[in-house]
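Pasted below: query.csv, CSV, C-alpha atoms and all ligand atoms.
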```csv
chain,number,residue,atom,x,y,z
A,1,MET,CA,-3.1,-64.0,-5.6
A,2,SER,CA,-4.9,-61.7,-3.1
A,3,ASN,CA,-1.9,-59.3,-3.0
A,4,ASN,CA,-2.1,-58.9,-6.8
A,5,ILE,CA,-5.7,-57.7,-7.0
A,6,THR,CA,-6.7,-54.1,-6.3
A,7,ASN,CA,-10.4,-53.1,-6.6
A,8,ASP,CA,-10.9,-56.5,-8.4
A,9,LYS,CA,-8.3,-55.5,-11.0
A,10,ILE,CA,-5.4,-57.9,-11.6
A,11,ASP,CA,-1.8,-56.8,-11.4
A,12,ILE,CA,-0.9,-57.5,-15.0
A,13,LEU,CA,2.9,-57.3,-14.6
A,14,SER,CA,3.0,-60.2,-12.1
A,15,LEU,CA,1.5,-62.7,-14.7
A,16,ASN,CA,3.7,-64.9,-16.8
A,17,LEU,CA,2.8,-65.5,-20.4
A,18,GLU,CA,0.8,-68.6,-19.8
A,19,LYS,CA,-1.3,-67.1,-17.0
A,20,LEU,CA,-1.8,-63.9,-19.1
A,21,GLN,CA,-3.1,-66.0,-22.0
A,22,GLU,CA,-5.5,-68.0,-19.7
A,23,ILE,CA,-6.9,-64.8,-18.2
A,24,PHE,CA,-7.2,-63.1,-21.7
A,25,VAL,CA,-9.3,-66.0,-22.9
A,26,ILE,CA,-11.6,-65.9,-19.8
A,27,THR,CA,-11.9,-62.1,-20.2
A,28,GLY,CA,-13.0,-62.3,-23.8
A,29,LEU,CA,-9.7,-61.0,-25.2
A,30,LYS,CA,-7.8,-63.0,-27.9
A,31,LYS,CA,-5.1,-65.4,-26.8
A,32,PHE,CA,-2.6,-64.0,-29.4
A,33,ASN,CA,-3.0,-60.5,-27.9
A,34,ALA,CA,-1.6,-61.8,-24.6
A,35,ALA,CA,1.8,-62.4,-26.3
A,36,GLN,CA,1.7,-58.8,-27.7
A,37,VAL,CA,0.8,-57.3,-24.4
A,38,PHE,CA,3.5,-59.4,-22.7
A,39,ASN,CA,6.0,-58.0,-25.2
A,40,TRP,CA,5.0,-54.4,-24.6
A,41,LEU,CA,5.4,-54.9,-20.9
A,42,HIS,CA,8.4,-57.2,-20.4
A,43,ASN,CA,10.4,-56.6,-23.6
A,44,LYS,CA,9.8,-53.0,-24.5
A,45,LEU,CA,9.2,-51.9,-20.9
A,46,ILE,CA,6.2,-49.7,-21.9
A,47,PHE,CA,3.9,-49.4,-18.9
A,48,ASP,CA,1.0,-47.5,-20.5
A,49,PHE,CA,-2.0,-49.4,-22.0
A,50,ASP,CA,-2.7,-46.5,-24.4
A,51,ARG,CA,0.7,-47.0,-26.1
A,52,PHE,CA,0.0,-50.6,-27.1
A,53,THR,CA,-0.6,-49.7,-30.7
A,54,ASN,CA,-1.2,-53.2,-32.0
A,55,ILE,CA,-4.1,-53.7,-29.5
A,56,SER,CA,-7.5,-52.3,-30.7
A,57,LYS,CA,-8.9,-49.3,-28.8
A,58,ASN,CA,-11.8,-51.5,-27.6
A,59,ASP,CA,-9.5,-54.2,-26.3
A,60,ARG,CA,-7.4,-51.5,-24.5
A,61,GLU,CA,-10.5,-50.4,-22.7
A,62,ILE,CA,-11.1,-54.0,-21.6
A,63,LEU,CA,-7.5,-54.1,-20.4
A,64,LYS,CA,-8.0,-51.0,-18.3
A,65,LYS,CA,-11.1,-52.3,-16.8
A,66,ARG,CA,-9.7,-55.7,-15.8
A,67,PHE,CA,-6.0,-55.1,-15.1
A,68,TYR,CA,-3.9,-52.5,-13.4
A,69,LEU,CA,-0.2,-51.5,-13.9
A,70,PRO,CA,1.7,-51.4,-10.6
A,71,LYS,CA,4.2,-48.7,-10.1
A,72,LEU,CA,7.4,-48.0,-8.2
A,73,GLU,CA,7.7,-44.4,-7.3
A,74,TYR,CA,11.3,-43.3,-7.5
A,75,ARG,CA,12.3,-41.4,-4.4
A,76,THR,CA,16.0,-40.9,-4.0
A,77,HIS,CA,19.1,-41.8,-5.9
A,78,GLN,CA,22.6,-41.6,-4.3
A,79,ILE,CA,25.8,-42.1,-6.2
A,80,SER,CA,29.0,-43.0,-4.3
A,81,ASP,CA,32.1,-40.7,-4.6
A,82,ASP,CA,33.8,-43.3,-6.9
A,83,LYS,CA,30.6,-43.4,-9.0
A,84,ASN,CA,30.6,-47.2,-8.9
A,85,THR,CA,27.8,-47.7,-6.5
A,86,GLU,CA,24.3,-46.2,-7.0
A,87,LYS,CA,21.5,-46.6,-4.7
A,88,PHE,CA,17.8,-46.2,-5.6
A,89,LEU,CA,15.0,-45.8,-3.1
A,90,PHE,CA,11.5,-46.6,-4.3
A,91,GLU,CA,8.1,-46.1,-2.7
A,92,LEU,CA,5.5,-48.9,-3.2
A,93,LYS,CA,1.7,-48.7,-3.5
A,94,ASP,CA,1.3,-48.9,0.3
A,95,LYS,CA,3.9,-46.1,0.8
A,96,ARG,CA,6.5,-48.6,2.1
A,97,LEU,CA,10.1,-48.1,0.9
A,98,ILE,CA,12.5,-50.5,-0.7
A,99,GLU,CA,15.9,-50.1,-2.2
A,100,SER,CA,18.0,-51.5,-5.0
A,101,VAL,CA,21.8,-51.0,-5.5
A,102,LEU,CA,23.5,-50.8,-8.8
A,103,ILE,CA,27.2,-51.8,-8.7
A,104,SER,CA,29.3,-51.1,-11.8
A,105,HIS,CA,32.7,-52.2,-13.0
A,106,LYS,CA,33.3,-50.3,-16.2
A,107,ASN,CA,30.4,-51.4,-18.4
A,108,ARG,CA,29.5,-54.5,-16.3
A,109,HIS,CA,26.5,-53.7,-14.2
A,110,THR,CA,25.1,-55.8,-11.4
A,111,LEU,CA,21.8,-55.0,-9.7
A,112,CYS,CA,21.2,-55.9,-6.1
A,113,VAL,CA,17.4,-56.2,-5.6
A,114,SER,CA,15.2,-56.5,-2.5
A,115,SER,CA,12.8,-59.4,-2.0
A,116,GLN,CA,10.9,-58.3,1.1
A,117,ILE,CA,10.2,-55.1,3.0
A,118,GLY,CA,12.3,-55.6,6.1
A,119,CYS,CA,13.4,-59.1,7.2
A,120,LEU,CA,12.1,-61.4,9.9
A,121,LEU,CA,15.5,-63.1,10.6
A,122,GLY,CA,17.2,-60.5,12.8
A,123,CYS,CA,20.8,-61.0,12.0
A,124,ASP,CA,22.6,-58.8,14.5
A,125,PHE,CA,25.0,-57.1,12.0
A,126,CYS,CA,22.3,-56.2,9.4
A,127,ALA,CA,20.6,-52.8,8.9
A,128,THR,CA,17.5,-54.4,7.4
A,129,ALA,CA,17.0,-56.3,10.6
A,130,THR,CA,16.6,-53.0,12.6
A,131,MET,CA,13.4,-52.2,10.6
A,132,ASN,CA,10.0,-53.6,11.0
A,133,TYR,CA,9.2,-56.6,8.8
A,134,GLU,CA,6.2,-55.5,6.6
A,135,ARG,CA,5.6,-58.1,3.9
A,136,ASN,CA,6.9,-60.0,0.9
A,137,LEU,CA,7.3,-58.1,-2.4
A,138,ASP,CA,5.0,-59.1,-5.3
A,139,ILE,CA,6.5,-60.4,-8.5
A,140,SER,CA,5.8,-57.1,-10.1
A,141,GLU,CA,7.6,-55.2,-7.4
A,142,ILE,CA,10.7,-57.3,-7.9
A,143,LEU,CA,10.5,-56.9,-11.7
A,144,LEU,CA,10.1,-53.2,-11.5
A,145,GLN,CA,13.4,-52.7,-9.7
A,146,PHE,CA,15.0,-54.4,-12.6
A,147,TYR,CA,13.0,-52.5,-15.2
A,148,TYR,CA,13.5,-49.1,-13.6
A,149,VAL,CA,17.3,-49.5,-13.5
A,150,GLN,CA,17.4,-51.1,-17.0
A,151,ASN,CA,15.6,-48.1,-18.4
A,152,TYR,CA,18.0,-45.8,-16.5
A,153,LEU,CA,21.0,-47.6,-18.1
A,154,SER,CA,19.4,-47.8,-21.6
A,155,LYS,CA,19.7,-44.0,-21.7
A,156,ARG,CA,23.5,-44.4,-21.9
A,157,GLY,CA,23.2,-47.4,-24.2
A,158,GLU,CA,24.1,-49.9,-21.4
A,159,LYS,CA,22.5,-53.0,-20.0
A,160,LEU,CA,22.3,-54.9,-16.8
A,161,GLY,CA,24.5,-57.9,-16.7
A,162,ASN,CA,23.7,-59.7,-13.4
A,163,VAL,CA,21.1,-59.6,-10.7
A,164,VAL,CA,21.8,-60.6,-7.1
A,165,PHE,CA,19.1,-61.0,-4.5
A,166,MET,CA,21.2,-59.4,-1.8
A,167,GLY,CA,19.1,-56.4,-0.9
A,168,MET,CA,16.5,-56.2,1.8
A,169,GLY,CA,14.9,-59.5,2.9
A,170,GLU,CA,15.3,-63.2,2.8
A,171,PRO,CA,14.6,-64.4,-0.8
A,172,PHE,CA,13.8,-68.0,0.3
A,173,LEU,CA,11.0,-66.8,2.6
A,174,ASN,CA,9.4,-65.3,-0.6
A,175,TYR,CA,10.3,-68.2,-2.8
A,176,ASP,CA,7.4,-68.2,-5.2
A,177,ASN,CA,7.6,-64.5,-6.1
A,178,VAL,CA,11.4,-64.5,-6.4
A,179,ILE,CA,11.4,-67.5,-8.7
A,180,GLY,CA,8.3,-66.1,-10.5
A,181,ALA,CA,10.1,-62.8,-11.3
A,182,ILE,CA,13.2,-64.6,-12.4
A,183,ASN,CA,11.1,-66.8,-14.8
A,184,ILE,CA,9.5,-63.7,-16.3
A,185,LEU,CA,12.9,-62.0,-16.8
A,186,ASN,CA,14.2,-65.3,-18.3
A,187,CYS,CA,11.3,-65.6,-20.8
A,188,ASP,CA,12.4,-65.2,-24.4
A,189,LYS,CA,9.4,-63.0,-25.1
A,190,GLY,CA,10.5,-60.6,-22.4
A,191,GLN,CA,14.1,-59.7,-21.4
A,192,ASN,CA,15.5,-63.2,-22.2
A,193,PHE,CA,17.8,-62.7,-19.3
A,194,SER,CA,19.8,-65.9,-18.7
A,195,LYS,CA,19.1,-67.8,-15.4
A,196,ARG,CA,22.9,-68.1,-15.1
A,197,ASN,CA,23.1,-64.3,-14.5
A,198,PHE,CA,21.0,-64.5,-11.3
A,199,THR,CA,22.3,-65.2,-7.8
A,200,ILE,CA,20.1,-65.8,-4.8
A,201,SER,CA,21.7,-65.2,-1.5
A,202,THR,CA,20.2,-67.0,1.6
A,203,SER,CA,21.0,-67.0,5.2
A,204,GLY,CA,20.4,-70.7,5.2
A,205,ILE,CA,16.6,-71.5,4.9
A,206,ILE,CA,16.9,-75.3,4.5
A,207,PRO,CA,13.5,-76.0,2.9
A,208,GLY,CA,14.1,-73.2,0.4
A,209,ILE,CA,17.6,-74.6,-0.5
A,210,LYS,CA,16.1,-78.1,-0.9
A,211,ARG,CA,13.3,-76.9,-3.2
A,212,PHE,CA,15.8,-74.9,-5.2
A,213,THR,CA,18.1,-78.0,-5.5
A,214,ASP,CA,15.2,-79.8,-7.2
A,215,ASP,CA,13.8,-77.0,-9.3
A,216,GLU,CA,16.5,-74.4,-10.3
A,217,PRO,CA,19.8,-75.9,-11.3
A,218,GLN,CA,20.8,-72.9,-13.4
A,219,ILE,CA,20.4,-70.0,-10.9
A,220,ASN,CA,23.5,-69.4,-8.8
A,221,LEU,CA,23.3,-69.8,-5.0
A,222,ALA,CA,25.1,-67.7,-2.4
A,223,ILE,CA,25.1,-68.6,1.3
A,224,SER,CA,25.6,-66.1,4.1
A,225,LEU,CA,27.9,-68.2,6.2
A,226,HIS,CA,29.8,-65.7,8.5
A,227,SER,CA,31.0,-68.4,10.8
A,228,VAL,CA,31.3,-72.2,10.8
A,229,LYS,CA,31.0,-72.4,14.6
A,230,ASP,CA,27.5,-72.9,15.9
A,231,ASP,CA,27.9,-70.7,19.0
A,232,VAL,CA,29.3,-67.7,17.0
A,233,ARG,CA,26.9,-68.2,14.1
A,234,THR,CA,23.9,-68.4,16.4
A,235,GLU,CA,25.0,-65.2,18.2
A,236,ILE,CA,25.0,-63.2,15.0
A,237,MET,CA,22.4,-65.1,13.0
A,238,PRO,CA,19.5,-66.4,15.1
A,239,ILE,CA,18.3,-68.6,12.2
A,240,ASN,CA,21.3,-70.9,13.1
A,241,LYS,CA,19.3,-72.1,16.1
A,242,LYS,CA,16.7,-73.5,13.7
A,243,TRP,CA,19.1,-74.9,11.1
A,244,ASN,CA,22.7,-75.3,12.4
A,245,VAL,CA,26.0,-75.4,10.5
A,246,LYS,CA,25.9,-79.2,10.2
A,247,GLU,CA,22.4,-79.3,8.7
A,248,LEU,CA,23.4,-76.4,6.4
A,249,LYS,CA,26.5,-78.3,5.2
A,250,GLU,CA,24.6,-81.5,4.5
A,251,THR,CA,21.9,-79.7,2.5
A,252,LEU,CA,24.6,-77.8,0.5
A,253,LEU,CA,26.5,-81.0,-0.2
A,254,GLU,CA,23.3,-82.5,-1.6
A,255,TYR,CA,22.7,-79.3,-3.6
A,256,GLN,CA,26.2,-79.5,-5.1
A,257,LYS,CA,25.9,-83.2,-5.9
A,258,LYS,CA,22.8,-82.5,-7.9
A,259,SER,CA,23.5,-79.2,-9.5
A,260,LYS,CA,27.3,-79.4,-9.9
A,261,ASN,CA,27.3,-75.6,-9.4
A,262,ARG,CA,29.9,-73.7,-7.6
A,263,ILE,CA,28.5,-72.2,-4.4
A,264,THR,CA,29.4,-68.7,-3.3
A,265,PHE,CA,30.0,-68.3,0.5
A,266,GLU,CA,29.7,-64.8,1.9
A,267,TYR,CA,31.7,-64.2,5.0
A,268,ILE,CA,31.5,-60.9,6.8
A,269,LEU,CA,34.7,-60.1,8.6
A,270,ILE,CA,33.8,-58.8,12.1
A,271,ASP,CA,36.6,-57.9,14.5
A,272,ASP,CA,36.8,-60.0,17.6
A,273,MET,CA,34.1,-62.3,16.3
A,274,ASN,CA,35.0,-64.5,13.4
A,275,CYS,CA,38.4,-63.5,11.8
A,276,GLU,CA,41.2,-64.9,13.9
A,277,THR,CA,43.7,-67.4,12.5
A,278,ARG,CA,41.9,-70.3,14.1
A,279,ASP,CA,38.6,-69.2,12.4
A,280,ALA,CA,40.4,-69.2,9.0
A,281,PHE,CA,41.5,-72.8,9.6
A,282,GLU,CA,38.1,-73.9,10.7
A,283,LEU,CA,36.6,-72.3,7.6
A,284,ILE,CA,39.1,-73.9,5.3
A,285,ASN,CA,38.2,-77.2,6.9
A,286,PHE,CA,34.5,-76.6,6.3
A,287,LEU,CA,35.1,-75.6,2.7
A,288,ARG,CA,37.1,-78.7,1.8
A,289,SER,CA,34.0,-80.6,0.7
A,290,PHE,CA,32.9,-77.9,-1.7
A,291,SER,CA,33.6,-76.4,-5.1
A,292,CYS,CA,33.1,-72.8,-4.1
A,293,LEU,CA,34.1,-69.1,-4.1
A,294,VAL,CA,34.4,-67.3,-0.8
A,295,ASN,CA,33.6,-63.6,-0.7
A,296,LEU,CA,35.1,-61.9,2.4
A,297,ILE,CA,33.1,-58.8,3.1
A,298,PRO,CA,34.6,-56.3,5.7
A,299,TYR,CA,31.7,-55.5,8.1
A,300,ASN,CA,30.0,-52.3,7.0
A,301,PRO,CA,29.1,-50.3,10.2
A,302,VAL,CA,25.4,-50.1,11.2
A,303,ALA,CA,24.3,-47.2,13.5
A,304,GLY,CA,23.7,-48.4,17.0
A,305,LYS,CA,25.8,-51.6,16.7
A,306,ILE,CA,29.0,-52.3,18.6
A,307,TYR,CA,30.6,-54.4,16.0
A,308,LYS,CA,33.9,-53.3,14.5
A,309,THR,CA,35.4,-53.7,11.1
A,310,PRO,CA,38.8,-55.4,11.4
A,311,PRO,CA,41.9,-53.3,10.4
A,312,LYS,CA,42.9,-53.7,6.7
A,313,LYS,CA,46.0,-55.7,7.7
A,314,LYS,CA,43.9,-58.3,9.6
A,315,GLN,CA,41.5,-58.6,6.7
A,316,ARG,CA,44.5,-59.2,4.3
A,317,GLU,CA,45.9,-61.9,6.7
A,318,PHE,CA,42.6,-63.7,6.8
A,319,TYR,CA,42.4,-63.6,3.0
A,320,ASN,CA,46.0,-64.8,2.7
A,321,LEU,CA,45.5,-67.8,5.0
A,322,LEU,CA,42.6,-69.0,2.7
A,323,LYS,CA,44.6,-68.2,-0.5
A,324,GLU,CA,47.6,-70.2,0.7
A,325,LYS,CA,45.3,-73.2,1.1
A,326,ASN,CA,44.1,-72.8,-2.5
A,327,VAL,CA,40.6,-71.6,-1.6
A,328,ASN,CA,39.0,-69.4,-4.3
A,329,VAL,CA,38.6,-66.2,-2.3
A,330,THR,CA,38.0,-62.5,-2.9
A,331,LEU,CA,38.3,-59.7,-0.4
A,332,ARG,CA,35.7,-57.1,-1.2
A,333,GLU,CA,36.7,-53.5,-1.0
A,334,THR,CA,34.1,-51.8,1.1
A,335,LYS,CA,32.2,-50.2,-1.8
A,336,GLY,CA,30.0,-47.1,-1.6
A,337,GLN,CA,30.5,-46.7,2.1
A,338,ASP,CA,29.9,-43.0,1.7
A,339,ILE,CA,26.4,-43.7,0.6
A,340,ALA,CA,25.9,-46.5,3.2
A,341,ALA,CA,25.5,-49.2,0.5
A,342,ALA,CA,25.3,-52.2,2.9
A,343,CYS,CA,22.0,-54.1,3.0
A,344,GLY,CA,19.1,-51.9,4.1
A,345,GLN,CA,21.1,-48.8,5.1
A,346,LEU,CA,19.6,-46.2,2.8
A,347,LYS,CA,16.1,-46.9,3.9
A,348,ALA,CA,17.3,-46.9,7.6
A,349,LYS,CA,18.8,-43.4,7.0
A,350,LYS,CA,15.8,-42.1,5.2
A,351,GLU,CA,13.5,-43.2,8.0
A,352,MET,CA,15.8,-41.6,10.6
A,353,SER,CA,15.8,-38.3,8.7
A,354,SER,CA,12.0,-38.3,8.4
A,355,ILE,CA,11.8,-39.0,12.1
A,356,ASN,CA,14.2,-36.1,12.8
A,357,GLU,CA,12.1,-33.8,10.6
A,358,LYS,CA,9.0,-34.4,12.6
B,401,LIG,N1,18.8,-62.3,3.4
B,401,LIG,C1,19.8,-62.8,2.5
B,401,LIG,C2,20.0,-61.8,1.4
B,401,LIG,C3,20.1,-60.3,1.8
B,401,LIG,S1,21.5,-59.9,2.8
B,401,LIG,C4,21.1,-63.2,3.2
B,401,LIG,O1,21.2,-62.9,4.4
B,401,LIG,O2,21.9,-63.8,2.5
B,401,LIG,C5,22.8,-59.8,1.6
B,401,LIG,C6,24.2,-59.9,2.2
B,401,LIG,O3,24.6,-58.7,2.9
B,401,LIG,C7,24.3,-61.0,3.2
B,401,LIG,O4,25.5,-61.8,3.0
B,401,LIG,C8,24.5,-60.3,4.5
B,401,LIG,O5,25.1,-61.1,5.4
B,401,LIG,C9,25.2,-59.0,4.1
B,401,LIG,N2,25.2,-57.9,5.1
B,401,LIG,C10,24.2,-57.6,5.9
B,401,LIG,N3,24.6,-56.6,6.7
B,401,LIG,C11,25.9,-56.3,6.4
B,401,LIG,C12,26.8,-55.4,7.0
B,401,LIG,N4,26.5,-54.6,8.0
B,401,LIG,N5,28.1,-55.4,6.5
B,401,LIG,C13,28.4,-56.3,5.5
B,401,LIG,N6,27.6,-57.1,4.9
B,401,LIG,C14,26.3,-57.2,5.4
B,402,LIG,FE1,17.6,-60.8,6.8
B,402,LIG,FE2,19.8,-61.3,5.3
B,402,LIG,FE3,19.7,-59.1,6.9
B,402,LIG,FE4,19.9,-61.6,8.0
B,402,LIG,S1,21.4,-60.6,6.6
B,402,LIG,S2,18.5,-59.9,8.7
B,402,LIG,S3,18.7,-62.8,6.6
B,402,LIG,S4,18.4,-59.5,5.1
```

Would you mind writing the structure in this file as structure tokens?
Amino acid sequence: MSNNITNDKIDILSLNLEKLQEIFVITGLKKFNAAQVFNWLHNKLIFDFDRFTNISKNDREILKKRFYLPKLEYRTHQISDDKNTEKFLFELKDKRLIESVLISHKNRHTLCVSSQIGCLLGCDFCATATMNYERNLDISEILLQFYYVQNYLSKRGEKLGNVVFMGMGEPFLNYDNVIGAINILNCDKGQNFSKRNFTISTSGIIPGIKRFTDDEPQINLAISLHSVKDDVRTEIMPINKKWNVKELKETLLEYQKKSKNRITFEYILIDDMNCETRDAFELINFLRSFSCLVNLIPYNPVAGKIYKTPPKKKQREFYNLLKEKNVNVTLRETKGQDIAAACGQLKAKKEMSSINEK
């Protein structure tokens, strides 16, 4: 809780309805007012105590004394040439920067949110890994990414359809706040956003997957796989030293047995690393035990890295090998490359330019 208290005031946005009711009663406010306040915040997306017209002036003063409303300061917004990818950069209360990416297909909008500032896991192909790890995001900081972009879309009469935790950070190393934010978004007094419309992407944090298996059968799971060979996976994803491919597979089989959900596997295609014909066959073999979808993602270049994106023809061949064996597979077009839409890249660029300005 310590993160959520500033000058003894409580971060009101991070509280679910039950906690808000509990604290209202302790504070001398009425329990039924908690539902009204929750509705202002999480349904109407009004972040100003003075606009809570069904709360008495006196009670609004108590609110101001006891609680604070966290903010995300909007910094930059970049739109890709094809207009389908929009990237938002936000500044947090401690001046740290995070980003969220909005990906649109006609009127279908998916928001990619961050769960941490930086990431501890050091995957060698990932821009986020080149930044310092700072901290986990609070529940409110996760929610505000959604609320900011939802407000932005509302102006054109549109709504978010899906949320994916594929921005900066490893969501299962911030499990409580990620699930806490999803539960608030799912609450019928708030956005009533179905759990089925969330996807959590993990690099393979086994204790997180196990907890998720027991607690959250409705939220979708995506796994950053990138290789089924331990030596290759360890080279590009150090977390594989701690939890290897075999352990990951066993944990996922258990997840699938219990949840009956289809798993999404993300597989970045990196030239001379993981996308030869034999890699495709090993991957097909690994996938046999699963009901799944494989997203092939051409490597998005990161400054200072030697990795190469395979030529289009090679990407297609890899895709076709999987397709021929009846694997559910998609080959992602590299979207929004002109605005560096891969994980963490806008923030990396922004930091570079501020360094250059000094
Ligand atoms: N930490 C979590 C979620 C954030 S990363 C995870 O690793 O799953 C979200 C996705 O972006 C992951 O699949 C990651 O492997 C991918 N990604 C990271 N850097 C990339 C790059 N340079 N090109 C393409 N995809 C990348
Ligand atoms: Fe962290 Fe995911 Fe990037 Fe790996 S790919 S460094 S786990 S954010």

What's the 10 Å shell around Ile239 (chain A), counting all atoms listed in the file, without same-chain residues fewer than 6 positions away, as a ChimeraX atom specification?
/A:120-123,203-205,233

Using all atoms listed in the file: which of A:Lys44, A:His226, A:Lys195, A:Lys31 has the shortest distance to ligand LIG 402 (chain B)
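Distance minimum relative to ligand LIG 402 (chain B) lands on A:His226.
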
Which residues sit within 7 Å of ligand LIG 401 (chain B), counting only C-alpha atoms and all ligand atoms, listed as a list in words?
Phe125, Cys126, Ala127, Phe165, Met166, Gly167, Met168, Gly169, Glu170, Pro171, Ser201, Thr202, Ser203, Ile223, Ser224, Glu266, Tyr267, Ile268, Ile297, Pro298, Tyr299, Asn300, Pro301, Val302, Ala342 and Cys343 of chain A

One-decimal distance in Å that lies between CA of Glu254 (chain A) and atom S3 of ligand LIG 402 (chain B)
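Going from atom S3 of ligand LIG 402 (chain B) over to CA of Glu254 (chain A) covers 21.8 Å.
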
Compile the contact shell of Ser289 (chain A) as a PyMOL selection string: residues with an atom at most 10 Å away, counting all atoms listed in the file, same-chain residues fewer than 4 positions apart removed.
chain A and resi 249+252-253+256+284-285

Dig up all the protein and nucleic acid residues within 12 Å of (36.2, -63.3, 11.4) in the file frame, using all atoms listed in the file, and format them as a ChimeraX atom specification.
/A:225-229,232-233,236,266-283,296-299,307-311,314-319

Selection above as a file: C-alpha atoms, as a compact mmCIF listing (two decimals), keeping the file's coordinate frame:
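What landed in out.txt:
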```
# COMPACT_ATOMS: atom_id res chain seq x y z
CA LEU A 225 27.90 -68.20 6.20
CA HIS A 226 29.80 -65.70 8.50
CA SER A 227 31.00 -68.40 10.80
CA VAL A 228 31.30 -72.20 10.80
CA LYS A 229 31.00 -72.40 14.60
CA VAL A 232 29.30 -67.70 17.00
CA ARG A 233 26.90 -68.20 14.10
CA ILE A 236 25.00 -63.20 15.00
CA GLU A 266 29.70 -64.80 1.90
CA TYR A 267 31.70 -64.20 5.00
CA ILE A 268 31.50 -60.90 6.80
CA LEU A 269 34.70 -60.10 8.60
CA ILE A 270 33.80 -58.80 12.10
CA ASP A 271 36.60 -57.90 14.50
CA ASP A 272 36.80 -60.00 17.60
CA MET A 273 34.10 -62.30 16.30
CA ASN A 274 35.00 -64.50 13.40
CA CYS A 275 38.40 -63.50 11.80
CA GLU A 276 41.20 -64.90 13.90
CA THR A 277 43.70 -67.40 12.50
CA ARG A 278 41.90 -70.30 14.10
CA ASP A 279 38.60 -69.20 12.40
CA ALA A 280 40.40 -69.20 9.00
CA PHE A 281 41.50 -72.80 9.60
CA GLU A 282 38.10 -73.90 10.70
CA LEU A 283 36.60 -72.30 7.60
CA LEU A 296 35.10 -61.90 2.40
CA ILE A 297 33.10 -58.80 3.10
CA PRO A 298 34.60 -56.30 5.70
CA TYR A 299 31.70 -55.50 8.10
CA TYR A 307 30.60 -54.40 16.00
CA LYS A 308 33.90 -53.30 14.50
CA THR A 309 35.40 -53.70 11.10
CA PRO A 310 38.80 -55.40 11.40
CA PRO A 311 41.90 -53.30 10.40
CA LYS A 314 43.90 -58.30 9.60
CA GLN A 315 41.50 -58.60 6.70
CA ARG A 316 44.50 -59.20 4.30
CA GLU A 317 45.90 -61.90 6.70
CA PHE A 318 42.60 -63.70 6.80
CA TYR A 319 42.40 -63.60 3.00
```

What does the distance between CA of Lys258 (chain A) and CA of Ile200 (chain A) come to in Å, to one decimal place?
17.2 Å

Distance CA of Asn320 (chain A)-CA of Asn295 (chain A), one decimal place?
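Those two atoms sit 12.9 Å apart.
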
Can you work out which one of A:Lys57, A:Arg66, A:Arg211, A:Arg51 has the shortest atom-to-atom distance to Gly28 (chain A), counting all atoms listed in the file?
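Answer, going by the shortest atom-to-atom distance: A:Arg66.
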
Determine, counting only C-alpha atoms, which protein, DNA and RNA residues have an atom within 12 Å of an atom of Val178 (chain A); residues of the same chain fewer than 6 positions away are not included. Present the result as a compact mmCIF listing (two decimals) with C-alpha atoms, in the coordinates of the input.
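The result, stored in selection_5.txt:
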```txt
# COMPACT_ATOMS: atom_id res chain seq x y z
CA SER A 14 3.00 -60.20 -12.10
CA VAL A 113 17.40 -56.20 -5.60
CA SER A 114 15.20 -56.50 -2.50
CA SER A 115 12.80 -59.40 -2.00
CA GLN A 116 10.90 -58.30 1.10
CA ASN A 136 6.90 -60.00 0.90
CA LEU A 137 7.30 -58.10 -2.40
CA ASP A 138 5.00 -59.10 -5.30
CA ILE A 139 6.50 -60.40 -8.50
CA SER A 140 5.80 -57.10 -10.10
CA GLU A 141 7.60 -55.20 -7.40
CA ILE A 142 10.70 -57.30 -7.90
CA LEU A 143 10.50 -56.90 -11.70
CA VAL A 163 21.10 -59.60 -10.70
CA VAL A 164 21.80 -60.60 -7.10
CA PHE A 165 19.10 -61.00 -4.50
CA MET A 166 21.20 -59.40 -1.80
CA GLY A 169 14.90 -59.50 2.90
CA GLU A 170 15.30 -63.20 2.80
CA PRO A 171 14.60 -64.40 -0.80
CA PHE A 172 13.80 -68.00 0.30
CA ILE A 184 9.50 -63.70 -16.30
CA LEU A 185 12.90 -62.00 -16.80
CA PHE A 198 21.00 -64.50 -11.30
CA THR A 199 22.30 -65.20 -7.80
CA ILE A 200 20.10 -65.80 -4.80
CA SER A 201 21.70 -65.20 -1.50
CA GLY A 208 14.10 -73.20 0.40
CA PHE A 212 15.80 -74.90 -5.20
CA GLU A 216 16.50 -74.40 -10.30
CA ILE A 219 20.40 -70.00 -10.90
```

Tell me which protein, DNA and RNA residues are within 9 Å of Ser100 (chain A), counting all atoms listed in the file, leaving out same-chain ones fewer than 5 positions away, and put them as a list in words.
Glu86, Lys87, Phe88, Leu89, Phe90, Leu111, Cys112, Val113, Ser114, Gln145, Phe146, Val149, Gly167 and Met168 of chain A

Need the shell around Met131 (chain A): protein/DNA/RNA residues with any atom at most 8 Å away, counting all atoms listed in the file. Skip same-chain ones fewer than 3 positions apart. Format as a ChimeraX atom specification?
/A:118-119,127-128,348

For each of A:Glu333, A:Glu324, A:Asp8, A:Glu235, take the minimum atom-to-atom distance to Lys65 (chain A), counting all atoms listed in the file, then give the residue where this is smallest.
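Looking only at the distances to Lys65 (chain A), the closest residue turns out to be A:Asp8.
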
Would you mind telling me which residue in A:Ile117, A:Leu248, A:Val101, A:Ile179 lies nearest to Asp215 (chain A) when using all atoms listed in the file?
A:Ile179

Top pick for closest residue to Leu69 (chain A), considering A:Phe47, A:Phe38, A:Phe265, A:Phe52 and counting all atoms listed in the file
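The answer is A:Phe47, which sits nearest to Leu69 (chain A).
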
Top pick for closest residue to ligand LIG 402 (chain B), considering A:Tyr133, A:Phe286, A:Phe32, A:Phe49 and counting only C-alpha atoms and all ligand atoms
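So, comparing all the options, the nearest one is A:Tyr133.
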